[in-house]
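Worksheet: the structure to be examined is printed underneath.
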Amino acid sequence: MSKPALLSLHQALRKSFQSLENNQRIWRSALSECSPLIESLGNLVEQSRALSNVQLSNTPLRDFPDLEERLRFKLLQATDTVLFKLNEKMSSLQSVRDSISNQVSAVLQLYEQNSDSLDLITVTERSATAPSVSDMLGWLQDAERHYRQQFLRRKTLLQTLRADDLSLMEAAPKRWKSMESPSAEARITDTLCKVSFFVAAQ
C-alpha cells in the first residue's frame with residue numbers, strides 16, 4: 001500500500017466534499033429563486049384564459065378596439081420575460097452540475113491512476129473519523145448522478161414551454177414541483193454529516 005497515494009486521494013476527497021457542500025447551497029438558492037417564477041407562469045396562463053373568456057365587445061371597453069390585442073401582447077411579453085429569467089437560473093444549476101461532475105471525475109481519475117498501489121483493505125477500511133474510500137467515492141457518484149438528472153429534467157421541461165401554448169404552461173408549476181427530490185437531498189446532507197470529521201481533519 002502506498003501512503004502518498006492514499007494521502008493525495010484523501011485530499012482530493014476532502015476538496016470534493018467541500019465543493020459538494022458549497023454547490024448544494026448554491027443549488028438550493030437557485031431553485032428557491034425559480035419557485036416564484038414558475039408560479040407566475042401559472043398566473044399568466046390564468047390571465048390569458050380570463051381574457052379569452054371575456055367578450056370585450058360586450059363591455060364598456062368596446063370603445064378601445066385594439067385593447068384585447070394589446071393585452072394579449074403584454075401577457076405574451078410578460079411570459080417571455082419569465083421564461084428568460086428561468087433560463088438564466090438554469091445556468092446557475094448547470095454550473096453546479098458541471099462543478100460537481102468535474103470534481104467527481106477528477107477524484108475517480110486519481111483513484112484509477114493509483115489503484116495499483118491501493119489494496120482492497122486500504123480502500124474499504126474505515127475509522128472513527130473517516131469513512132472508507134470506497135464509501136466516499138460511492139457517495140460522491142450518487143450526488144453527481146442526482147444533480148445531473150435533476151438538471152436534465154428541469155431543463156427539458158423548460159425547453160418544451162412556449163408562451164403561446166397555454167396547456168403546457170398551465171401544467172408547468174405542478175410538473176416542476178413533482179421533480180423535487182427531498183429524499184435525495186436529505187441523503188446528500190446526511191453524507192456531508194458523515195464526512196464532516198474527515199473533511200475537518202486536514
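Every chain in the C-alpha cells takes a letter, A first, then B, and so on in the order presented; its residues are numbered from 1, and the ligands are numbered from 1 following the presented order.
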
_range 112-126 of chain A environment, 12 Å, only C-alpha atoms, sequence neighbours closer than 3 positions dropped, as a PyMOL selection string_ = chain A and resi 1-10+105-109+129-138+194-195+198

What's the 12 Å shell around Ser196 in chain A, counting only C-alpha atoms, without same-chain residues fewer than 3 positions away, as an mmCIF file with all heavy atoms, in the first residue's frame?
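Below you can see result36.cif, which holds the result:
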```cif
data_model
loop_
_atom_site.group_PDB
_atom_site.id
_atom_site.type_symbol
_atom_site.label_atom_id
_atom_site.label_comp_id
_atom_site.auth_asym_id
_atom_site.auth_seq_id
_atom_site.Cartn_x
_atom_site.Cartn_y
_atom_site.Cartn_z
ATOM 1 N N LEU A 13 -10.608 13.885 -1.988
ATOM 2 C CA LEU A 13 -11.956 13.611 -1.465
ATOM 3 C C LEU A 13 -12.436 14.769 -0.588
ATOM 4 O O LEU A 13 -13.584 15.191 -0.681
ATOM 5 C CB LEU A 13 -11.951 12.297 -0.664
ATOM 6 C CG LEU A 13 -11.929 11.008 -1.505
ATOM 7 C CD1 LEU A 13 -11.521 9.813 -0.655
ATOM 8 C CD2 LEU A 13 -13.297 10.748 -2.143
ATOM 9 N N ARG A 14 -11.537 15.279 0.262
ATOM 10 C CA ARG A 14 -11.915 16.426 1.115
ATOM 11 C C ARG A 14 -12.355 17.608 0.256
ATOM 12 O O ARG A 14 -13.369 18.236 0.513
ATOM 13 C CB ARG A 14 -10.719 16.857 1.987
ATOM 14 C CG ARG A 14 -10.485 15.946 3.157
ATOM 15 C CD ARG A 14 -9.474 16.535 4.136
ATOM 16 N NE ARG A 14 -9.257 15.584 5.211
ATOM 17 C CZ ARG A 14 -8.235 14.726 5.255
ATOM 18 N NH1 ARG A 14 -7.334 14.712 4.295
ATOM 19 N NH2 ARG A 14 -8.120 13.866 6.265
ATOM 20 N N LYS A 15 -11.558 17.883 -0.762
ATOM 21 C CA LYS A 15 -11.847 19.007 -1.662
ATOM 22 C C LYS A 15 -13.213 18.802 -2.338
ATOM 23 O O LYS A 15 -14.007 19.738 -2.474
ATOM 24 C CB LYS A 15 -10.732 19.107 -2.705
ATOM 25 C CG LYS A 15 -10.728 20.396 -3.494
ATOM 26 C CD LYS A 15 -9.535 20.428 -4.440
ATOM 27 C CE LYS A 15 -9.738 21.495 -5.499
ATOM 28 N NZ LYS A 15 -8.809 21.368 -6.614
ATOM 29 N N PHE A 17 -15.822 17.028 -1.255
ATOM 30 C CA PHE A 17 -16.946 17.176 -0.326
ATOM 31 C C PHE A 17 -17.174 18.645 0.054
ATOM 32 O O PHE A 17 -18.315 19.069 0.236
ATOM 33 C CB PHE A 17 -16.755 16.300 0.918
ATOM 34 C CG PHE A 17 -17.044 14.844 0.661
ATOM 35 C CD1 PHE A 17 -16.048 13.890 0.748
ATOM 36 C CD2 PHE A 17 -18.326 14.440 0.281
ATOM 37 C CE1 PHE A 17 -16.318 12.545 0.491
ATOM 38 C CE2 PHE A 17 -18.606 13.091 0.022
ATOM 39 C CZ PHE A 17 -17.609 12.151 0.122
ATOM 40 N N GLN A 18 -16.069 19.412 0.144
ATOM 41 C CA GLN A 18 -16.227 20.852 0.403
ATOM 42 C C GLN A 18 -16.959 21.514 -0.768
ATOM 43 O O GLN A 18 -17.853 22.342 -0.578
ATOM 44 C CB GLN A 18 -14.852 21.506 0.608
ATOM 45 C CG GLN A 18 -14.263 21.197 1.970
ATOM 46 C CD GLN A 18 -12.792 21.574 2.065
ATOM 47 O OE1 GLN A 18 -12.093 21.684 1.059
ATOM 48 N NE2 GLN A 18 -12.315 21.772 3.277
ATOM 49 N N GLU A 21 -20.632 20.602 -0.702
ATOM 50 C CA GLU A 21 -21.381 21.376 0.300
ATOM 51 C C GLU A 21 -21.705 22.780 -0.220
ATOM 52 O O GLU A 21 -22.836 23.255 -0.117
ATOM 53 C CB GLU A 21 -20.571 21.463 1.604
ATOM 54 C CG GLU A 21 -21.377 22.053 2.737
ATOM 55 C CD GLU A 21 -20.673 21.918 4.092
ATOM 56 O OE1 GLU A 21 -19.493 21.508 4.122
ATOM 57 O OE2 GLU A 21 -21.316 22.233 5.098
ATOM 58 N N ALA A 128 -12.983 5.786 13.087
ATOM 59 C CA ALA A 128 -13.985 6.563 13.835
ATOM 60 C C ALA A 128 -14.206 7.938 13.188
ATOM 61 O O ALA A 128 -15.299 8.497 13.246
ATOM 62 C CB ALA A 128 -13.530 6.736 15.271
ATOM 63 N N THR A 129 -13.161 8.473 12.553
ATOM 64 C CA THR A 129 -13.287 9.823 11.979
ATOM 65 C C THR A 129 -13.391 9.824 10.450
ATOM 66 O O THR A 129 -13.773 10.833 9.867
ATOM 67 C CB THR A 129 -12.079 10.701 12.368
ATOM 68 O OG1 THR A 129 -10.893 10.008 11.999
ATOM 69 C CG2 THR A 129 -12.077 10.997 13.853
ATOM 70 N N ALA A 130 -13.029 8.714 9.825
ATOM 71 C CA ALA A 130 -13.033 8.707 8.351
ATOM 72 C C ALA A 130 -13.792 7.507 7.785
ATOM 73 O O ALA A 130 -13.491 6.372 8.120
ATOM 74 C CB ALA A 130 -11.599 8.696 7.835
ATOM 75 N N PRO A 131 -14.783 7.748 6.927
ATOM 76 C CA PRO A 131 -15.423 6.640 6.222
ATOM 77 C C PRO A 131 -14.404 6.008 5.264
ATOM 78 O O PRO A 131 -13.330 6.570 5.038
ATOM 79 C CB PRO A 131 -16.565 7.326 5.444
ATOM 80 C CG PRO A 131 -16.707 8.678 6.049
ATOM 81 C CD PRO A 131 -15.368 9.044 6.574
ATOM 82 N N MET A 136 -16.895 6.723 0.283
ATOM 83 C CA MET A 136 -16.881 8.139 -0.096
ATOM 84 C C MET A 136 -16.986 8.313 -1.612
ATOM 85 O O MET A 136 -17.694 9.197 -2.092
ATOM 86 C CB MET A 136 -15.647 8.838 0.471
ATOM 87 C CG MET A 136 -15.717 8.980 1.993
ATOM 88 S SD MET A 136 -14.482 10.101 2.689
ATOM 89 C CE MET A 136 -13.033 9.041 2.735
ATOM 90 N N THR A 189 -27.190 15.629 2.372
ATOM 91 C CA THR A 189 -26.935 16.319 3.644
ATOM 92 C C THR A 189 -26.397 15.331 4.675
ATOM 93 O O THR A 189 -25.458 15.638 5.428
ATOM 94 C CB THR A 189 -28.236 16.981 4.163
ATOM 95 O OG1 THR A 189 -28.721 17.864 3.152
ATOM 96 C CG2 THR A 189 -28.000 17.752 5.440
ATOM 97 N N ASP A 190 -26.976 14.129 4.688
ATOM 98 C CA ASP A 190 -26.539 13.068 5.603
ATOM 99 C C ASP A 190 -25.080 12.679 5.301
ATOM 100 O O ASP A 190 -24.266 12.499 6.214
ATOM 101 C CB ASP A 190 -27.469 11.860 5.439
ATOM 102 C CG ASP A 190 -27.163 10.763 6.454
ATOM 103 O OD1 ASP A 190 -26.965 11.110 7.636
ATOM 104 O OD2 ASP A 190 -27.115 9.583 6.063
ATOM 105 N N THR A 191 -24.767 12.569 4.013
ATOM 106 C CA THR A 191 -23.402 12.251 3.596
ATOM 107 C C THR A 191 -22.433 13.315 4.100
ATOM 108 O O THR A 191 -21.362 13.000 4.633
ATOM 109 C CB THR A 191 -23.319 12.173 2.050
ATOM 110 O OG1 THR A 191 -24.051 11.032 1.613
ATOM 111 C CG2 THR A 191 -21.889 12.074 1.558
ATOM 112 N N LEU A 192 -22.810 14.582 3.943
ATOM 113 C CA LEU A 192 -21.930 15.679 4.378
ATOM 114 C C LEU A 192 -21.709 15.633 5.890
ATOM 115 O O LEU A 192 -20.637 16.011 6.376
ATOM 116 C CB LEU A 192 -22.509 17.031 3.940
ATOM 117 C CG LEU A 192 -22.477 17.273 2.424
ATOM 118 C CD1 LEU A 192 -23.320 18.488 2.042
ATOM 119 C CD2 LEU A 192 -21.048 17.428 1.908
ATOM 120 N N CYS A 193 -22.725 15.144 6.621
ATOM 121 C CA CYS A 193 -22.566 14.942 8.076
ATOM 122 C C CYS A 193 -21.555 13.836 8.361
ATOM 123 O O CYS A 193 -20.688 13.961 9.218
ATOM 124 C CB CYS A 193 -23.900 14.556 8.704
ATOM 125 S SG CYS A 193 -24.854 15.964 9.207
ATOM 126 N N VAL A 199 -13.420 15.726 6.723
ATOM 127 C CA VAL A 199 -13.118 16.961 5.980
ATOM 128 C C VAL A 199 -12.387 17.963 6.899
ATOM 129 O O VAL A 199 -11.469 18.656 6.467
ATOM 130 C CB VAL A 199 -14.393 17.587 5.388
ATOM 131 C CG1 VAL A 199 -14.139 18.971 4.809
ATOM 132 C CG2 VAL A 199 -14.977 16.673 4.305
ATOM 133 N N ALA A 200 -12.807 18.005 8.168
ATOM 134 C CA ALA A 200 -12.190 18.977 9.119
ATOM 135 C C ALA A 200 -10.773 18.579 9.506
ATOM 136 O O ALA A 200 -9.972 19.431 9.888
ATOM 137 C CB ALA A 200 -13.065 19.072 10.359
ATOM 138 N N ALA A 201 -10.442 17.294 9.377
ATOM 139 C CA ALA A 201 -9.144 16.799 9.857
ATOM 140 C C ALA A 201 -8.035 16.976 8.809
ATOM 141 O O ALA A 201 -7.366 16.030 8.440
ATOM 142 C CB ALA A 201 -9.261 15.319 10.220
ATOM 143 N N GLN A 202 -7.879 18.188 8.323
ATOM 144 C CA GLN A 202 -6.863 18.389 7.271
ATOM 145 C C GLN A 202 -5.485 18.572 7.886
ATOM 146 O O GLN A 202 -5.331 19.208 8.891
ATOM 147 C CB GLN A 202 -7.239 19.619 6.442
ATOM 148 C CG GLN A 202 -8.518 19.380 5.660
ATOM 149 C CD GLN A 202 -8.630 20.309 4.473
ATOM 150 O OE1 GLN A 202 -7.729 20.398 3.658
ATOM 151 N NE2 GLN A 202 -9.749 20.993 4.367
#
```

*What is the CA of Leu31 in chain A to CA of Arg49 in chain A distance in Å?*
27.6 Å

Find the residues near Gln24 in chain A: any atom within 10 Å, counting only C-alpha atoms, skip ones fewer than 3 places away on the same chain, and give them as a PDB file with N, CA and C atoms, in the first residue's frame.
```
ATOM      1  N   GLN A  18     -16.069  19.412   0.144  1.00  0.00           N
ATOM      2  CA  GLN A  18     -16.227  20.852   0.403  1.00  0.00           C
ATOM      3  C   GLN A  18     -16.959  21.514  -0.768  1.00  0.00           C
ATOM      4  N   SER A  19     -16.567  21.113  -1.972  1.00  0.00           N
ATOM      5  CA  SER A  19     -17.207  21.643  -3.181  1.00  0.00           C
ATOM      6  C   SER A  19     -18.680  21.232  -3.225  1.00  0.00           C
ATOM      7  N   LEU A  20     -18.958  19.980  -2.851  1.00  0.00           N
ATOM      8  CA  LEU A  20     -20.340  19.483  -2.845  1.00  0.00           C
ATOM      9  C   LEU A  20     -21.197  20.306  -1.873  1.00  0.00           C
ATOM     10  N   GLU A  21     -20.632  20.602  -0.702  1.00  0.00           N
ATOM     11  CA  GLU A  21     -21.381  21.376   0.300  1.00  0.00           C
ATOM     12  C   GLU A  21     -21.705  22.780  -0.220  1.00  0.00           C
ATOM     13  N   TRP A  27     -27.249  25.482  -5.287  1.00  0.00           N
ATOM     14  CA  TRP A  27     -28.364  24.793  -5.951  1.00  0.00           C
ATOM     15  C   TRP A  27     -29.692  25.136  -5.275  1.00  0.00           C
ATOM     16  N   ARG A  28     -29.711  25.008  -3.944  1.00  0.00           N
ATOM     17  CA  ARG A  28     -30.947  25.287  -3.194  1.00  0.00           C
ATOM     18  C   ARG A  28     -31.387  26.738  -3.377  1.00  0.00           C
ATOM     19  N   SER A  29     -30.412  27.637  -3.356  1.00  0.00           N
ATOM     20  CA  SER A  29     -30.716  29.058  -3.501  1.00  0.00           C
ATOM     21  C   SER A  29     -31.298  29.337  -4.893  1.00  0.00           C
ATOM     22  N   ALA A  30     -30.682  28.759  -5.936  1.00  0.00           N
ATOM     23  CA  ALA A  30     -31.176  28.974  -7.312  1.00  0.00           C
ATOM     24  C   ALA A  30     -32.568  28.386  -7.481  1.00  0.00           C
ATOM     25  N   LEU A  93     -27.875  26.438 -12.149  1.00  0.00           N
ATOM     26  CA  LEU A  93     -27.998  24.998 -11.868  1.00  0.00           C
ATOM     27  C   LEU A  93     -26.996  24.212 -12.716  1.00  0.00           C
ATOM     28  N   VAL A  96     -23.552  24.328 -11.210  1.00  0.00           N
ATOM     29  CA  VAL A  96     -23.462  23.396 -10.073  1.00  0.00           C
ATOM     30  C   VAL A  96     -23.229  21.979 -10.590  1.00  0.00           C
ATOM     31  N   ARG A  97     -24.050  21.583 -11.549  1.00  0.00           N
ATOM     32  CA  ARG A  97     -23.905  20.233 -12.120  1.00  0.00           C
ATOM     33  C   ARG A  97     -22.496  20.030 -12.674  1.00  0.00           C
ATOM     34  N   ILE A 100     -19.747  19.821  -9.842  1.00  0.00           N
ATOM     35  CA  ILE A 100     -19.761  18.532  -9.134  1.00  0.00           C
ATOM     36  C   ILE A 100     -19.240  17.422 -10.051  1.00  0.00           C
ATOM     37  N   ALA A 143     -24.307  11.640  -5.529  1.00  0.00           N
ATOM     38  CA  ALA A 143     -24.628  13.081  -5.553  1.00  0.00           C
ATOM     39  C   ALA A 143     -24.521  13.611  -6.977  1.00  0.00           C
ATOM     40  N   TYR A 147     -27.690  15.394  -9.167  1.00  0.00           N
ATOM     41  CA  TYR A 147     -27.723  16.745  -9.743  1.00  0.00           C
ATOM     42  C   TYR A 147     -27.777  16.707 -11.273  1.00  0.00           C
ATOM     43  N   GLU A 185     -31.911  14.830  -1.589  1.00  0.00           N
ATOM     44  CA  GLU A 185     -31.231  15.975  -0.966  1.00  0.00           C
ATOM     45  C   GLU A 185     -30.871  15.650   0.489  1.00  0.00           C
ATOM     46  N   ILE A 188     -27.812  13.525   0.636  1.00  0.00           N
ATOM     47  CA  ILE A 188     -26.570  14.288   0.417  1.00  0.00           C
ATOM     48  C   ILE A 188     -26.192  15.036   1.696  1.00  0.00           C
ATOM     49  N   THR A 189     -27.190  15.629   2.372  1.00  0.00           N
ATOM     50  CA  THR A 189     -26.935  16.319   3.644  1.00  0.00           C
ATOM     51  C   THR A 189     -26.397  15.331   4.675  1.00  0.00           C
TER      52      THR A 189
END
```

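Rounded to one decimal, CA of Asn102 in chain A and CA of Pro182 in chain A lie 23.8 Å from each other.
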
*Near Met179 in chain A, within 9 Å and counting only C-alpha atoms, which residues show up once chain neighbours fewer than 6 positions away are dropped, as a PyMOL selection string?*
chain A and resi 150+153-154

Preceding selection exported with N, CA and C atoms as a PDB file, in the first residue's frame:
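Dumped everything to selection-v9.pdb:
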```
ATOM      1  N   GLN A 150     -31.459  15.834 -12.083  1.00  0.00           N
ATOM      2  CA  GLN A 150     -32.318  16.964 -11.731  1.00  0.00           C
ATOM      3  C   GLN A 150     -32.205  18.087 -12.766  1.00  0.00           C
ATOM      4  N   ARG A 153     -33.852  17.045 -16.186  1.00  0.00           N
ATOM      5  CA  ARG A 153     -35.326  17.033 -16.157  1.00  0.00           C
ATOM      6  C   ARG A 153     -35.890  18.452 -16.204  1.00  0.00           C
ATOM      7  N   ARG A 154     -35.303  19.338 -15.416  1.00  0.00           N
ATOM      8  CA  ARG A 154     -35.805  20.710 -15.350  1.00  0.00           C
ATOM      9  C   ARG A 154     -35.535  21.454 -16.662  1.00  0.00           C
TER      10      ARG A 154
END
```

*Going by DSSP on the backbone, which bits of range 140-195 of chain A are alpha helix (DSSP H)? Write them as a PyMOL selection string, please.*
chain A and resi 140-160+166-178+182-194

For C-alpha atoms, I'd like the residues from the last selection saved as an mmCIF file, in the first residue's frame.
```
data_model
loop_
_atom_site.group_PDB
_atom_site.id
_atom_site.type_symbol
_atom_site.label_atom_id
_atom_site.label_comp_id
_atom_site.auth_asym_id
_atom_site.auth_seq_id
_atom_site.Cartn_x
_atom_site.Cartn_y
_atom_site.Cartn_z
ATOM 1 C CA LEU A 140 -19.887 11.372 -4.492
ATOM 2 C CA GLN A 141 -21.109 9.424 -7.516
ATOM 3 C CA ASP A 142 -24.641 9.291 -6.066
ATOM 4 C CA ALA A 143 -24.628 13.081 -5.553
ATOM 5 C CA GLU A 144 -23.273 13.679 -9.048
ATOM 6 C CA ARG A 145 -25.974 11.473 -10.565
ATOM 7 C CA HIS A 146 -28.704 13.251 -8.565
ATOM 8 C CA TYR A 147 -27.723 16.745 -9.743
ATOM 9 C CA ARG A 148 -27.169 15.607 -13.329
ATOM 10 C CA GLN A 149 -30.658 14.035 -13.522
ATOM 11 C CA GLN A 150 -32.318 16.964 -11.731
ATOM 12 C CA PHE A 151 -30.743 19.486 -14.089
ATOM 13 C CA LEU A 152 -31.673 17.473 -17.183
ATOM 14 C CA ARG A 153 -35.326 17.033 -16.157
ATOM 15 C CA ARG A 154 -35.805 20.710 -15.350
ATOM 16 C CA LYS A 155 -34.026 21.885 -18.498
ATOM 17 C CA THR A 156 -36.141 19.518 -20.630
ATOM 18 C CA LEU A 157 -39.330 20.873 -19.064
ATOM 19 C CA LEU A 158 -38.351 24.495 -19.729
ATOM 20 C CA GLN A 159 -37.393 23.678 -23.331
ATOM 21 C CA THR A 160 -40.931 22.418 -24.008
ATOM 22 C CA LEU A 166 -51.291 27.598 -22.556
ATOM 23 C CA SER A 167 -51.907 23.963 -21.592
ATOM 24 C CA LEU A 168 -48.172 23.210 -21.323
ATOM 25 C CA MET A 169 -47.617 26.412 -19.375
ATOM 26 C CA GLU A 170 -50.516 25.646 -17.047
ATOM 27 C CA ALA A 171 -49.078 22.229 -16.181
ATOM 28 C CA ALA A 172 -45.541 23.593 -15.678
ATOM 29 C CA PRO A 173 -45.731 24.561 -11.954
ATOM 30 C CA LYS A 174 -47.084 21.127 -10.975
ATOM 31 C CA ARG A 175 -44.556 19.277 -13.163
ATOM 32 C CA TRP A 176 -41.710 21.410 -11.784
ATOM 33 C CA LYS A 177 -42.769 20.700 -8.191
ATOM 34 C CA SER A 178 -43.084 16.957 -8.895
ATOM 35 C CA PRO A 182 -36.260 15.738 -0.818
ATOM 36 C CA SER A 183 -35.059 12.214 -0.008
ATOM 37 C CA ALA A 184 -32.064 12.513 -2.361
ATOM 38 C CA GLU A 185 -31.231 15.975 -0.966
ATOM 39 C CA ALA A 186 -31.538 14.577 2.577
ATOM 40 C CA ARG A 187 -29.127 11.739 1.658
ATOM 41 C CA ILE A 188 -26.570 14.288 0.417
ATOM 42 C CA THR A 189 -26.935 16.319 3.644
ATOM 43 C CA ASP A 190 -26.539 13.068 5.603
ATOM 44 C CA THR A 191 -23.402 12.251 3.596
ATOM 45 C CA LEU A 192 -21.930 15.679 4.378
ATOM 46 C CA CYS A 193 -22.566 14.942 8.076
ATOM 47 C CA LYS A 194 -20.833 11.569 7.810
#
```

*Nearest residue to Gln94 in chain A from the set A:Asn23, A:Ser16, A:Gln77, A:Asn53 (distances using only C-alpha atoms)*: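 Selected residue with least distance to Gln94 in chain A: A:Asn23.
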
*Which residue gives the smallest distance to Leu83 in chain A among A:Leu71, A:Ser181, A:Asp165, A:Leu41, with only C-alpha atoms counted?*
A:Leu41

*Which distance in Å separates CA of Ile26 in chain A and CA of Glu39 in chain A, to one decimal?*
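Answer for the CA of Ile26 in chain A to CA of Glu39 in chain A separation: 20.8 Å.
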
_Near-Lys74 in chain A list (12 Å; only C-alpha atoms; drop same-chain fewer than 6 positions) as a PyMOL selection string_ = chain A and resi 44+47-48+51+67-68+80-81+163

Go ahead and write the selection's residues with all heavy atoms as a PDB file, in the first residue's frame.
```
ATOM      1  N   LEU A  44     -49.996  33.875 -15.196  1.00  0.00           N
ATOM      2  CA  LEU A  44     -50.124  34.480 -16.532  1.00  0.00           C
ATOM      3  C   LEU A  44     -51.060  33.666 -17.417  1.00  0.00           C
ATOM      4  O   LEU A  44     -51.815  34.224 -18.216  1.00  0.00           O
ATOM      5  CB  LEU A  44     -48.739  34.611 -17.182  1.00  0.00           C
ATOM      6  CG  LEU A  44     -47.840  35.699 -16.567  1.00  0.00           C
ATOM      7  CD1 LEU A  44     -46.394  35.511 -16.989  1.00  0.00           C
ATOM      8  CD2 LEU A  44     -48.332  37.091 -16.967  1.00  0.00           C
ATOM      9  N   GLN A  47     -54.573  34.547 -16.473  1.00  0.00           N
ATOM     10  CA  GLN A  47     -54.953  35.849 -17.046  1.00  0.00           C
ATOM     11  C   GLN A  47     -55.270  35.722 -18.536  1.00  0.00           C
ATOM     12  O   GLN A  47     -56.226  36.336 -19.029  1.00  0.00           O
ATOM     13  CB  GLN A  47     -53.829  36.866 -16.845  1.00  0.00           C
ATOM     14  CG  GLN A  47     -53.645  37.283 -15.387  1.00  0.00           C
ATOM     15  CD  GLN A  47     -52.454  38.207 -15.215  1.00  0.00           C
ATOM     16  OE1 GLN A  47     -52.308  39.164 -15.956  1.00  0.00           O
ATOM     17  NE2 GLN A  47     -51.618  37.916 -14.234  1.00  0.00           N
ATOM     18  N   SER A  48     -54.479  34.906 -19.244  1.00  0.00           N
ATOM     19  CA  SER A  48     -54.727  34.699 -20.685  1.00  0.00           C
ATOM     20  C   SER A  48     -56.078  34.027 -20.908  1.00  0.00           C
ATOM     21  O   SER A  48     -56.825  34.413 -21.813  1.00  0.00           O
ATOM     22  CB  SER A  48     -53.625  33.831 -21.300  1.00  0.00           C
ATOM     23  OG  SER A  48     -52.421  34.532 -21.320  1.00  0.00           O
ATOM     24  N   LEU A  51     -58.868  36.440 -20.272  1.00  0.00           N
ATOM     25  CA  LEU A  51     -59.006  37.379 -21.392  1.00  0.00           C
ATOM     26  C   LEU A  51     -59.774  36.731 -22.551  1.00  0.00           C
ATOM     27  O   LEU A  51     -60.613  37.367 -23.194  1.00  0.00           O
ATOM     28  CB  LEU A  51     -57.610  37.830 -21.859  1.00  0.00           C
ATOM     29  CG  LEU A  51     -57.545  38.863 -22.987  1.00  0.00           C
ATOM     30  CD1 LEU A  51     -58.265  40.148 -22.604  1.00  0.00           C
ATOM     31  CD2 LEU A  51     -56.085  39.164 -23.352  1.00  0.00           C
ATOM     32  N   LEU A  67     -57.786  46.871 -27.796  1.00  0.00           N
ATOM     33  CA  LEU A  67     -57.400  46.609 -26.401  1.00  0.00           C
ATOM     34  C   LEU A  67     -57.036  45.139 -26.170  1.00  0.00           C
ATOM     35  O   LEU A  67     -56.003  44.826 -25.579  1.00  0.00           O
ATOM     36  CB  LEU A  67     -58.527  47.024 -25.442  1.00  0.00           C
ATOM     37  CG  LEU A  67     -58.223  46.799 -23.960  1.00  0.00           C
ATOM     38  CD1 LEU A  67     -57.066  47.678 -23.497  1.00  0.00           C
ATOM     39  CD2 LEU A  67     -59.454  47.075 -23.093  1.00  0.00           C
ATOM     40  N   GLU A  68     -57.879  44.234 -26.677  1.00  0.00           N
ATOM     41  CA  GLU A  68     -57.615  42.801 -26.450  1.00  0.00           C
ATOM     42  C   GLU A  68     -56.264  42.398 -27.029  1.00  0.00           C
ATOM     43  O   GLU A  68     -55.483  41.687 -26.396  1.00  0.00           O
ATOM     44  CB  GLU A  68     -58.729  41.942 -27.061  1.00  0.00           C
ATOM     45  CG  GLU A  68     -58.516  40.461 -26.751  1.00  0.00           C
ATOM     46  CD  GLU A  68     -59.660  39.565 -27.221  1.00  0.00           C
ATOM     47  OE1 GLU A  68     -60.711  40.097 -27.627  1.00  0.00           O
ATOM     48  OE2 GLU A  68     -59.478  38.341 -27.172  1.00  0.00           O
ATOM     49  N   ASP A  80     -42.702  35.704 -21.807  1.00  0.00           N
ATOM     50  CA  ASP A  80     -41.346  35.565 -22.370  1.00  0.00           C
ATOM     51  C   ASP A  80     -40.290  36.024 -21.364  1.00  0.00           C
ATOM     52  O   ASP A  80     -39.232  35.409 -21.249  1.00  0.00           O
ATOM     53  CB  ASP A  80     -41.215  36.379 -23.667  1.00  0.00           C
ATOM     54  CG  ASP A  80     -41.807  35.623 -24.858  1.00  0.00           C
ATOM     55  OD1 ASP A  80     -41.899  34.380 -24.796  1.00  0.00           O
ATOM     56  OD2 ASP A  80     -42.207  36.286 -25.845  1.00  0.00           O
ATOM     57  N   THR A  81     -40.595  37.096 -20.640  1.00  0.00           N
ATOM     58  CA  THR A  81     -39.651  37.620 -19.637  1.00  0.00           C
ATOM     59  C   THR A  81     -39.429  36.589 -18.533  1.00  0.00           C
ATOM     60  O   THR A  81     -38.284  36.338 -18.124  1.00  0.00           O
ATOM     61  CB  THR A  81     -40.187  38.938 -19.022  1.00  0.00           C
ATOM     62  OG1 THR A  81     -40.385  39.870 -20.082  1.00  0.00           O
ATOM     63  CG2 THR A  81     -39.237  39.511 -18.007  1.00  0.00           C
ATOM     64  N   ALA A 163     -44.689  30.456 -24.883  1.00  0.00           N
ATOM     65  CA  ALA A 163     -45.650  31.441 -24.376  1.00  0.00           C
ATOM     66  C   ALA A 163     -47.039  31.269 -24.987  1.00  0.00           C
ATOM     67  O   ALA A 163     -48.038  31.619 -24.373  1.00  0.00           O
ATOM     68  CB  ALA A 163     -45.134  32.845 -24.651  1.00  0.00           C
TER      69      ALA A 163
END
```
